[in-house]
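Below is upload_23.txt, which holds compact mmCIF, C-alpha atoms.
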```
# COMPACT_ATOMS: atom_id res chain seq x y z
CA VAL A 1 -60.51 -4.54 28.19
CA GLU A 2 -62.88 -4.09 31.07
CA GLY A 3 -65.76 -1.63 30.82
CA ILE A 4 -68.83 -0.44 32.69
CA ALA A 5 -72.05 1.23 31.57
CA VAL A 6 -73.31 4.30 33.43
CA GLN A 7 -76.53 5.93 32.28
CA ALA A 8 -76.26 9.71 32.42
CA ASP A 9 -77.82 12.81 30.91
CA ILE A 10 -74.74 14.89 30.10
CA SER A 11 -76.75 18.11 30.21
CA LYS A 12 -77.25 17.59 33.98
CA PRO A 13 -74.25 18.37 36.22
CA ALA A 14 -75.23 15.77 38.85
CA ASP A 15 -75.38 13.04 36.20
CA VAL A 16 -71.96 13.99 34.80
CA ASP A 17 -70.48 14.03 38.31
CA ARG A 18 -71.95 10.57 38.97
CA LEU A 19 -70.54 9.31 35.67
CA TYR A 20 -67.03 10.39 36.64
CA ALA A 21 -67.43 9.10 40.20
CA GLU A 22 -68.45 5.65 38.95
CA ALA A 23 -65.60 5.56 36.42
CA THR A 24 -63.06 6.62 39.04
CA LYS A 25 -64.42 4.07 41.50
CA GLN A 26 -64.09 1.30 38.90
CA PHE A 27 -60.78 2.25 37.28
CA GLY A 28 -59.00 4.53 39.74
CA SER A 29 -56.94 6.74 37.46
CA LEU A 30 -58.69 8.20 34.40
CA ASP A 31 -56.03 8.51 31.70
CA ILE A 32 -58.20 8.90 28.59
CA ILE A 33 -61.53 10.69 28.33
CA VAL A 34 -63.48 10.91 25.07
CA ALA A 35 -66.42 13.33 24.96
CA ASN A 36 -68.53 11.76 22.23
CA ALA A 37 -72.19 12.34 23.11
CA GLY A 38 -74.20 14.48 20.75
CA VAL A 39 -77.39 14.68 18.72
CA GLU A 40 -77.88 15.61 15.09
CA LEU A 41 -80.67 17.46 13.36
CA PRO A 42 -79.83 17.52 9.65
CA GLY A 43 -81.91 19.15 6.96
CA VAL A 44 -83.77 21.65 9.14
CA PRO A 45 -83.52 25.22 7.81
CA ILE A 46 -83.03 27.96 10.42
CA VAL A 47 -86.44 29.45 9.63
CA GLU A 48 -88.18 26.13 10.49
CA LEU A 49 -86.27 25.31 13.67
CA SER A 50 -88.52 24.98 16.73
CA ASP A 51 -87.63 26.24 20.19
CA GLU A 52 -87.74 22.65 21.46
CA GLN A 53 -85.28 21.46 18.79
CA LEU A 54 -82.92 24.32 19.59
CA ASP A 55 -83.08 23.62 23.33
CA ARG A 56 -82.32 19.92 22.83
CA LEU A 57 -79.25 20.52 20.65
CA VAL A 58 -77.91 23.26 22.92
CA ASP A 59 -78.51 21.16 26.06
CA ILE A 60 -76.67 18.11 24.74
CA ASN A 61 -74.14 19.44 22.23
CA VAL A 62 -73.12 22.63 24.05
CA ARG A 63 -73.94 22.27 27.74
CA GLY A 64 -73.18 18.54 27.72
CA ALA A 65 -69.85 19.03 25.95
CA PHE A 66 -68.89 21.78 28.37
CA LEU A 67 -69.84 19.79 31.47
CA THR A 68 -68.09 16.65 30.19
CA MET A 69 -64.86 18.49 29.41
CA GLN A 70 -64.99 20.64 32.54
CA ARG A 71 -65.37 17.52 34.69
CA ALA A 72 -62.69 15.82 32.59
CA SER A 73 -60.28 18.60 33.58
CA ARG A 74 -61.03 17.85 37.24
CA ASN A 75 -60.74 14.07 36.91
CA ILE A 76 -58.10 13.37 34.27
CA ALA A 77 -54.73 12.12 35.50
CA ASP A 78 -51.62 14.19 34.83
CA ASN A 79 -50.28 13.41 31.33
CA GLY A 80 -53.74 12.17 30.35
CA ARG A 81 -55.59 12.59 27.08
CA VAL A 82 -58.93 14.26 26.37
CA ILE A 83 -60.63 14.01 22.97
CA PHE A 84 -63.77 15.83 21.86
CA ILE A 85 -65.66 14.35 18.92
CA SER A 86 -66.96 17.31 16.93
CA SER A 87 -68.05 17.26 13.28
CA SER A 88 -66.58 18.14 9.90
CA SER A 89 -69.78 20.13 9.35
CA THR A 90 -68.20 22.83 11.57
CA VAL A 91 -65.64 23.65 8.84
CA ALA A 92 -67.95 25.37 6.33
CA PRO A 93 -71.62 26.46 6.24
CA VAL A 94 -74.06 23.83 4.98
CA ALA A 95 -77.76 24.51 4.45
CA GLY A 96 -79.90 22.67 6.97
CA MET A 97 -77.01 22.10 9.39
CA ALA A 98 -76.84 25.50 11.11
CA VAL A 99 -77.79 24.53 14.63
CA TYR A 100 -76.10 21.12 14.69
CA ALA A 101 -72.81 22.46 13.30
CA SER A 102 -72.79 25.58 15.46
CA THR A 103 -73.45 23.57 18.62
CA LYS A 104 -70.61 21.18 17.76
CA LEU A 105 -68.38 24.19 17.06
CA ALA A 106 -68.81 25.33 20.67
CA GLY A 107 -67.24 22.08 21.90
CA ARG A 108 -64.28 22.60 19.57
CA TYR A 109 -63.67 25.98 21.19
CA PHE A 110 -64.01 24.55 24.71
CA ALA A 111 -61.43 21.88 23.81
CA GLY A 112 -58.99 24.45 22.42
CA VAL A 113 -59.15 26.51 25.60
CA LEU A 114 -58.88 23.43 27.79
CA ALA A 115 -55.73 22.39 25.89
CA ILE A 116 -54.08 25.64 27.00
CA GLU A 117 -55.38 25.43 30.56
CA LEU A 118 -54.22 21.82 31.09
CA ALA A 119 -50.89 22.02 29.26
CA GLY A 120 -48.93 22.50 32.50
CA ARG A 121 -50.16 19.10 33.72
CA GLY A 122 -49.02 17.37 30.52
CA VAL A 123 -52.63 16.72 29.49
CA THR A 124 -53.41 16.93 25.78
CA VAL A 125 -56.84 17.96 24.50
CA ASN A 126 -57.72 17.49 20.85
CA CYS A 127 -60.74 17.25 18.56
CA ILE A 128 -61.70 14.78 15.88
CA LEU A 129 -63.96 16.08 13.11
CA PRO A 130 -65.58 13.08 11.45
CA THR A 131 -67.64 13.20 8.30
CA GLY A 132 -70.80 11.05 7.98
CA ILE A 133 -69.96 7.76 9.67
CA ASP A 134 -71.84 4.53 8.94
CA GLU A 135 -73.56 3.02 11.99
CA ALA A 136 -73.36 6.35 13.85
CA GLY A 137 -75.54 9.44 14.16
CA VAL A 138 -78.17 9.74 11.44
CA PHE A 139 -76.91 6.54 9.81
CA VAL A 140 -78.29 4.51 12.73
CA ASP A 141 -81.98 5.13 12.19
CA SER A 142 -82.58 7.92 9.65
CA ILE A 143 -80.73 6.87 6.49
CA PRO A 144 -81.56 3.36 5.23
CA ALA A 145 -78.81 1.01 4.04
CA ASP A 146 -80.07 1.25 0.42
CA SER A 147 -80.24 5.06 0.35
CA PRO A 148 -78.57 6.64 -2.70
CA TYR A 149 -77.18 9.25 -0.27
CA ARG A 150 -74.72 6.64 0.99
CA ASP A 151 -73.31 6.11 -2.52
CA GLN A 152 -73.17 9.86 -3.07
CA LEU A 153 -71.29 10.33 0.21
CA ALA A 154 -68.80 7.57 -0.72
CA THR A 155 -67.91 9.04 -4.13
CA GLY A 156 -64.36 10.37 -4.21
CA ARG A 157 -63.45 9.06 -0.76
CA ILE A 158 -60.67 6.59 -0.02
CA GLY A 159 -61.86 3.13 -1.04
CA THR A 160 -65.09 4.63 -2.39
CA ARG A 161 -66.82 4.05 0.93
CA ILE A 162 -68.21 6.08 3.77
CA GLY A 163 -66.44 6.19 7.10
CA THR A 164 -66.82 3.60 9.84
CA PRO A 165 -66.60 3.86 13.63
CA GLY A 166 -63.26 2.04 13.30
CA ASP A 167 -61.86 4.91 11.21
CA ILE A 168 -62.62 7.33 14.03
CA ALA A 169 -61.32 4.91 16.67
CA ASP A 170 -58.02 4.71 14.75
CA ALA A 171 -57.72 8.51 14.80
CA ALA A 172 -58.45 8.52 18.53
CA GLU A 173 -55.86 5.80 19.09
CA TYR A 174 -53.25 8.03 17.47
CA LEU A 175 -54.21 11.04 19.61
CA VAL A 176 -54.03 9.09 22.88
CA GLY A 177 -50.75 7.35 22.02
CA ASP A 178 -47.12 8.31 22.53
CA LEU A 179 -46.74 9.53 18.94
CA ALA A 180 -49.13 12.41 19.71
CA ALA A 181 -47.68 13.29 23.12
CA TRP A 182 -46.82 16.81 21.92
CA VAL A 183 -50.03 17.36 19.91
CA SER A 184 -52.65 19.41 21.73
CA GLY A 185 -55.29 21.99 20.87
CA MET A 186 -55.56 20.51 17.37
CA THR A 187 -58.39 19.28 15.20
CA LEU A 188 -57.99 16.14 13.11
CA THR A 189 -60.47 16.08 10.24
CA VAL A 190 -61.33 12.49 9.25
CA THR A 191 -63.26 12.54 5.96
CA GLY A 192 -61.72 9.87 3.77
CA GLY A 193 -59.79 12.41 1.75
CA LEU A 194 -62.52 14.85 0.74
CA PRO A 195 -62.66 18.42 1.99
CA GLN A 196 -65.91 19.33 3.63
```
Once you've parsed the file, please lay out its structure as structure tokens.
Amino acid sequence: VEGIAVQADISKPADVDRLYAEATKQFGSLDIIVANAGVELPGVPIVELSDEQLDRLVDINVRGAFLTMQRASRNIADNGRVIFISSSSTVAPVAGMAVYASTKLAGRYFAGVLAIELAGRGVTVNCILPTGIDEAGVFVDSIPADSPYRDQLATGRIGTRIGTPGDIADAAEYLVGDLAAWVSGMTLTVTGGLPQ
């Protein structure tokens, strides 16, 4: 599989336009678009949230998701697939996750509306709601490999382990394949068997 890297700030319309222009130039038809960029800010109570923290999460998780999916609707081929990676934290309130979860919830709503608006072109738009995923998000640099939180998160899940990027890639593979050709506007929660 051939790929390219394009540096872009998804909160800036010109950067998102350039991202799509480069991808179209390289690949021609864009058949699958996955909106995956986002930033987390776990463990910060609403009362302690700074204006700068709020601006950053809204810029990337809300504005960036909107711009990415809006431009996806302009660039995706007929019968294409769009996936938004949200978060299972959007399902129920969790202390310290208010701004992160609410900003990821906005993208879920955008995706649901886009599913309706693109249905006539045969384009499906769906969301994946992962739980904590090893080697992604806060597990990259904030939660050490020997943290007891990892064991706690694995308890009761399939295989007594936390999720991996491959688990989410498998869910995405289903949503972009022929078996999901009539699945759109849906959310697929991938948590290893535990409700959030």
Review point. Hey, can you check how far atom CA of A:Asn75 sits from atom CA of A:Glu40?
Key: 27.8 Å
Point to revise | Within 12 Å of A:Ile46 using all atoms listed in the file, minus same-chain residues under 6 positions, as JSON, numbers by chain | key: {"A": [53, 54, 94, 95, 96, 97, 98, 99, 100, 101, 102]}
Point to revise | Contacts of stretch 107-122 of chain A within 8 Å, only C-alpha atoms, excl. fewer than 3 positions in-chain, as a ChimeraX atom specification | key: /A:61-62,65-66,69,73,78-80,83-84,86,103-104,125-127,184-186
Do you know which residues are at most 10 Å from A:Gly3 counting only C-alpha atoms, after dropping those on the same chain fewer than 2 positions away, and could you put them as an mmCIF file with C-alpha atoms, in the coordinates of the input?
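Dumped everything to around-v3.cif:
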```
data_model
loop_
_atom_site.group_PDB
_atom_site.id
_atom_site.type_symbol
_atom_site.label_atom_id
_atom_site.label_comp_id
_atom_site.auth_asym_id
_atom_site.auth_seq_id
_atom_site.Cartn_x
_atom_site.Cartn_y
_atom_site.Cartn_z
ATOM 1 C CA VAL A 1 -60.510 -4.540 28.190
ATOM 2 C CA ALA A 5 -72.050 1.230 31.570
ATOM 3 C CA VAL A 6 -73.310 4.300 33.430
ATOM 4 C CA ALA A 23 -65.600 5.560 36.420
ATOM 5 C CA GLN A 26 -64.090 1.300 38.900
ATOM 6 C CA PHE A 27 -60.780 2.250 37.280
#
```
Study note, to complete from the structure: With distances taken over only C-alpha atoms, the candidate from A:Pro130, A:Gly193, A:Gly28, A:Gly177 nearest A:Ile76 is A:Gly28
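Atom pair atom CA of A:Val16 / atom CA of A:Arg63: separated by 11.1 Å.
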